[in-house]
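Participant: Next up is a structure, given as structure tokens.
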Amino acid sequence: MSHDYLAQLNEPQRAAVEHTEGPLMIIAGAGSGKTRVLTYRIAHLMGLGVDPFNILALTFTNKAAKEMKGRVEKIVGGTEARNLWMGTFHSVFARILRIEADRLGYPSNFTIYDTEDSRKLINNIIKELNLDTDLYKPKALQGRISSFKNSLITPEAYWNIPELIEYDAAAKRPETGKIYQTYVERCFRAGAMDFDDLLVKTNELLQKFPEVLAKYQNRFKYLMVDEYQDTNHAQYLIVKSLASRFENLCVVGDDAQSIYAFRGANIKNILNFNRDYPDALALRLEQNYRSSKMIVGAANSIIKHNTDQLEKSVWTSNSEGEKIRVYQAASDNQEGQYVAGNIWERQMRQNTSLGNFAVLYRTNAQSRSIEDALRKRNIPYRIYGGVSFYQRREVKDLLAYLRLTINRNDEEAYRRVINYPRRGIGNSTLEKLTVSANQFGCSLWDLTERIDAYPQVGLNSGVQRKLIGFATMIQSFRVMAETQDAFALASHIAQTTGILKELSDDQTPEGISRAENIQELLNSIKEFTEERKSGPEELQRTDLSAFLEEVSLITDLDNDNPNDHNKVSLMTIHLAKGLEFPNVYIVGLEEDLFPSMMAVNSRADLEEERRLFYVALTRAEKTATLTYSLQRYRWGKVIDNEPSRFLEEIDEKFLDWLIPTPRQNPPIPDKYKLNFGSGREGQKKEKKKPQPLGIKKSMKPLRQSERKSAPNSADTSNFEFNIDLQEGMRIAHERFGKGVVERLEGAGANKKAVVKFDRHGEKKLLLKFAKLKAI
DNA sequence: TCATTGGGCTTTTTT
DNA sequence: AGCCCAATGA
């Protein structure tokens, strides 16, 4: 198999492929061909006689794994590559955990709780403990528990760390440890693991059972980890222990693309690689093969503003390319219209596929205005992420029945379906069951199944009969599961439980779409069984648990539907990581949106946002278009925006500013003008034809202060700008209301004021943007 | 027990 | 504006 693949690589790429023994760190700039390196490296290993059985590659998405496996197969042949283990941390570890589950006291068919399941459970626990949900916000607790897990702090360990206890006490949540402990117990009792558990339990397994560790150490003689900069502490430890025997560990990453600190990713894992492996070879891939010179240059000019980074200079020999266009929209809807119109024009002019276009945004909520505009023009699109198919209520309802059939202790599944469709088992019954289950330390199912033996639960015979009826039904599904395949069983369940009838009775548009989604779920189960039947022998299980094992870790990105190849892709920047598109639109480049409002207060957070912007821009191959909008609907209100600071950070020479000429509004009589503090709906709501866009090139947007007299910003006329601020001065801000200037920082264009607002707390405002008025 | 209503809260980002 | 939840009445 000595192909000429080595000849297709540049110098450092080849070195990376050929350095097979010992630790290796590859710092791979955006678009520098790291996937190619990884695939060739695997092929190369196999060429040297390494058994694919001994190779493990951990990727960031299932899609990336699939793609890589496909590419390896092309080089070495399909049968050869079959034994390769490739997948995400979560899916690979789930597989290991299913094999070893009983050592940890889990059933091998354990349920994987998704975010919603675990939030609901936490919510229940808070209520059972009679705690105030205003203080103990389930989402906040969930985040905190997740961060404990990511740092491998068990509930027992929690009690021994005074800082944590004090922190929670200070936050008026002294019961946090109790909630955490209860949550862990309940998951265990339900035979369920959440996403974090897949890492935590794997680590526990490897630490507690040396023989298991040895087994997998010996199996995975060669380890490769992609996107290493996004690994968290648990992942780091697992990788480290798996690799400690042979130390044939190759990690690939780019500190400039680390965007998951918010979920525990630790950039130090990559920065300190050399400390763990002093003999490690470190290679840098700096030549970008993806993007034009304009895009690479612009991206470099952004990332320069970060102080925490490894030294590296990404360059390209690709063509110059077009300048990056920056467009200012008047509203979010108009932003959408511009993007849609521009995509349409471009694809006509270039006679290219719509699959070559992507619209990227910071938050999922931004997709709506883009979708509307694309729909109006009949441009087909596919939206990734957001409320994905498997999170829809009706889909989760049916899945809950399937889950309960396979794992009857699954508490969240039980709660979901015990009274859906209605069978007269309401909250009070459920509450009694919960109390007893907690008392006995058993699952809800255990009680339900033999409710007649537990008079102390206090249920009357009518309710008992209903519970037995429910249990009998689930048991019958269980029996069927022994012989039937997933599709037959799922159809049967949809039928017998009455879900199908319930939905087909509902002829509202939502009801119809729900019924369609159920049908779609059944179709995908059908597809699953068909695929499995025709697949490789060792993967022929078509039973329900095989399906459930897969389904909980499927993400939107993994479904590659050929029908989507001629559609515009819409997704968050986070999801876009690792992908590339000839034409990229990054929308919503506004202060408080991108960078996010949550991130502007600390340098570390802001740098992560900047890396996110870097990731977004480097997705583009040929053209990039940046847009922002002066007004946007957020939280049901119209909000005024300032252009993102990131726009300023890009070196001017890469940009092409497109500014629409100001709209000529009729003068508005003074009495209709609104003071700040109240909305300005009267202005905003008027439906105007999209104004003709007189495009002026090479022009920066007018700052708010310069725009003051422009007729399209009548609502700002109550404000006096560029006032001479003094510390201690009392001021008013259009959005935040009244406050006191605490201190002033910086000078010139970067002058900022820290203002303590009466109602919104302390904010740091960039003076050239903030509309402050002395009072 | 269940359906309706109104109030409060929400928005980062994901496996 | 939409979603989730608690309170309310049938």
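Lettering and numbering for the structure tokens are positional, with chains as A, B, ... in the shown order, residues counted from 1 in each chain, and ligands counted from 1 in the shown order.
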Which of stretch 172-350 of chain A counts as strand (DSSP E or B) under DSSP, as JSON, numbers by chain please?
Facilitator: {"A": [192, 193, 194, 222, 223, 224, 225, 232, 249, 250, 251, 252, 253, 265, 281, 282, 283, 284, 285, 287, 315, 324, 325, 326, 327, 328, 329]}
Participant: Could you dump the residues just selected with N, CA and C atoms as an mmCIF file, in the first residue's frame?
Facilitator:
data_model
loop_
_atom_site.group_PDB
_atom_site.id
_atom_site.type_symbol
_atom_site.label_atom_id
_atom_site.label_comp_id
_atom_site.auth_asym_id
_atom_site.auth_seq_id
_atom_site.Cartn_x
_atom_site.Cartn_y
_atom_site.Cartn_z
ATOM 1 N N ALA A 192 -29.110 5.746 34.828
ATOM 2 C CA ALA A 192 -28.936 6.778 33.810
ATOM 3 C C ALA A 192 -27.627 7.527 33.998
ATOM 4 N N MET A 193 -27.035 7.919 32.897
ATOM 5 C CA MET A 193 -25.854 8.781 32.938
ATOM 6 C C MET A 193 -26.162 10.031 32.131
ATOM 7 N N ASP A 194 -25.699 11.167 32.627
ATOM 8 C CA ASP A 194 -25.826 12.364 31.800
ATOM 9 C C ASP A 194 -24.569 12.488 30.935
ATOM 10 N N TYR A 222 -2.130 3.168 19.797
ATOM 11 C CA TYR A 222 -1.940 4.458 19.121
ATOM 12 C C TYR A 222 -3.175 5.320 19.307
ATOM 13 N N LEU A 223 -2.970 6.448 19.935
ATOM 14 C CA LEU A 223 -4.098 7.348 20.216
ATOM 15 C C LEU A 223 -3.966 8.652 19.449
ATOM 16 N N MET A 224 -5.060 9.091 18.904
ATOM 17 C CA MET A 224 -5.060 10.399 18.274
ATOM 18 C C MET A 224 -6.241 11.206 18.784
ATOM 19 N N VAL A 225 -5.984 12.441 19.144
ATOM 20 C CA VAL A 225 -7.054 13.296 19.660
ATOM 21 C C VAL A 225 -7.107 14.576 18.848
ATOM 22 N N ASN A 232 -11.674 18.880 28.251
ATOM 23 C CA ASN A 232 -11.750 19.337 29.634
ATOM 24 C C ASN A 232 -10.884 18.438 30.518
ATOM 25 N N LEU A 249 0.907 9.035 21.640
ATOM 26 C CA LEU A 249 -0.246 9.929 21.688
ATOM 27 C C LEU A 249 0.003 11.110 20.759
ATOM 28 N N CYS A 250 -0.934 11.285 19.872
ATOM 29 C CA CYS A 250 -0.822 12.419 18.950
ATOM 30 C C CYS A 250 -2.011 13.335 19.158
ATOM 31 N N VAL A 251 -1.755 14.544 19.595
ATOM 32 C CA VAL A 251 -2.863 15.484 19.763
ATOM 33 C C VAL A 251 -2.751 16.595 18.727
ATOM 34 N N VAL A 252 -3.910 16.998 18.231
ATOM 35 C CA VAL A 252 -3.962 18.050 17.233
ATOM 36 C C VAL A 252 -4.869 19.150 17.748
ATOM 37 N N GLY A 253 -4.424 20.353 17.620
ATOM 38 C CA GLY A 253 -5.298 21.418 18.086
ATOM 39 C C GLY A 253 -4.810 22.773 17.659
ATOM 40 N N ALA A 265 -13.795 23.221 28.945
ATOM 41 C CA ALA A 265 -12.575 22.980 28.192
ATOM 42 C C ALA A 265 -11.433 23.780 28.813
ATOM 43 N N LEU A 281 7.410 15.697 20.438
ATOM 44 C CA LEU A 281 7.730 16.492 19.267
ATOM 45 C C LEU A 281 6.565 17.457 19.057
ATOM 46 N N ALA A 282 6.888 18.717 18.848
ATOM 47 C CA ALA A 282 5.827 19.690 18.594
ATOM 48 C C ALA A 282 5.975 20.213 17.175
ATOM 49 N N LEU A 283 4.910 20.131 16.429
ATOM 50 C CA LEU A 283 4.951 20.598 15.049
ATOM 51 C C LEU A 283 3.897 21.666 14.835
ATOM 52 N N ARG A 284 4.183 22.522 13.918
ATOM 53 C CA ARG A 284 3.262 23.605 13.629
ATOM 54 C C ARG A 284 2.855 23.525 12.164
ATOM 55 N N LEU A 285 1.563 23.518 11.926
ATOM 56 C CA LEU A 285 1.092 23.612 10.543
ATOM 57 C C LEU A 285 0.574 25.024 10.342
ATOM 58 N N GLN A 287 0.561 26.625 7.031
ATOM 59 C CA GLN A 287 0.074 26.985 5.703
ATOM 60 C C GLN A 287 -1.401 26.656 5.580
ATOM 61 N N TRP A 315 -0.390 31.455 7.037
ATOM 62 C CA TRP A 315 -0.254 32.138 5.745
ATOM 63 C C TRP A 315 -0.839 31.243 4.662
ATOM 64 N N ILE A 324 -13.403 41.500 2.281
ATOM 65 C CA ILE A 324 -14.530 41.091 3.110
ATOM 66 C C ILE A 324 -15.541 42.212 3.167
ATOM 67 N N ARG A 325 -16.748 41.897 2.823
ATOM 68 C CA ARG A 325 -17.753 42.948 2.764
ATOM 69 C C ARG A 325 -18.444 43.114 4.110
ATOM 70 N N VAL A 326 -18.659 44.367 4.474
ATOM 71 C CA VAL A 326 -19.343 44.652 5.733
ATOM 72 C C VAL A 326 -20.603 45.424 5.409
ATOM 73 N N TYR A 327 -21.709 44.906 5.852
ATOM 74 C CA TYR A 327 -22.984 45.530 5.532
ATOM 75 C C TYR A 327 -23.720 45.972 6.781
ATOM 76 N N GLN A 328 -24.238 47.167 6.748
ATOM 77 C CA GLN A 328 -25.019 47.680 7.865
ATOM 78 C C GLN A 328 -26.500 47.644 7.518
ATOM 79 N N ALA A 329 -27.260 46.924 8.316
ATOM 80 C CA ALA A 329 -28.697 46.851 8.074
ATOM 81 C C ALA A 329 -29.427 47.729 9.067
#
Participant: Can you write out as JSON lines which residues of chain B fall within 12 Å of chain A, alongside each residue's closest atom pair and its distance in Å to one decimal, counting only C-alpha atoms (C1' of nucleotides) and ordering rows by chain and ascending residue number?
Facilitator:
{"residue": "B:DT1", "atom": "C1'", "partner": "A:Gly426", "partner_atom": "CA", "distance": 6.2}
{"residue": "B:DC2", "atom": "C1'", "partner": "A:Gly426", "partner_atom": "CA", "distance": 8.7}
{"residue": "B:DG8", "atom": "C1'", "partner": "A:Asp134", "partner_atom": "CA", "distance": 11.0}
{"residue": "B:DC9", "atom": "C1'", "partner": "A:Trp635", "partner_atom": "CA", "distance": 10.0}
{"residue": "B:DT10", "atom": "C1'", "partner": "A:Trp635", "partner_atom": "CA", "distance": 7.2}
{"residue": "B:DT11", "atom": "C1'", "partner": "A:Ala365", "partner_atom": "CA", "distance": 7.6}
{"residue": "B:DT12", "atom": "C1'", "partner": "A:Thr363", "partner_atom": "CA", "distance": 6.2}
{"residue": "B:DT13", "atom": "C1'", "partner": "A:His574", "partner_atom": "CA", "distance": 6.3}
{"residue": "B:DT14", "atom": "C1'", "partner": "A:Arg263", "partner_atom": "CA", "distance": 7.9}
{"residue": "B:DT15", "atom": "C1'", "partner": "A:Phe195", "partner_atom": "CA", "distance": 6.3}
Participant: With the cut-off set at 12 Å and counting only C-alpha atoms (C1' of nucleotides), tabulate each residue of chain A with an atom at most that distance from an atom of chain C, showing the nearest atom pair and its distance in Å to one decimal, ordered by chain and increasing number, as JSON lines.
Facilitator:
{"residue": "A:Lys120", "atom": "CA", "partner": "C:DC4", "partner_atom": "C1'", "distance": 11.8}
{"residue": "A:Asn123", "atom": "CA", "partner": "C:DC5", "partner_atom": "C1'", "distance": 11.6}
{"residue": "A:Thr133", "atom": "CA", "partner": "C:DC5", "partner_atom": "C1'", "distance": 11.2}
{"residue": "A:Ala365", "atom": "CA", "partner": "C:DG2", "partner_atom": "C1'", "distance": 11.5}
{"residue": "A:Tyr633", "atom": "CA", "partner": "C:DA1", "partner_atom": "C1'", "distance": 9.2}
{"residue": "A:Arg634", "atom": "CA", "partner": "C:DA1", "partner_atom": "C1'", "distance": 8.8}
{"residue": "A:Trp635", "atom": "CA", "partner": "C:DA1", "partner_atom": "C1'", "distance": 7.1}
{"residue": "A:Gly636", "atom": "CA", "partner": "C:DA1", "partner_atom": "C1'", "distance": 4.7}
{"residue": "A:Lys637", "atom": "CA", "partner": "C:DA1", "partner_atom": "C1'", "distance": 8.3}
{"residue": "A:Val638", "atom": "CA", "partner": "C:DA1", "partner_atom": "C1'", "distance": 11.2}
Participant: Using atom CA of A:Leu164 and atom CA of A:Gly143 as the two end points, give the distance in Å to one decimal.
Facilitator: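 Computed distance, atom CA of A:Leu164 to atom CA of A:Gly143, equals 14.1 Å.
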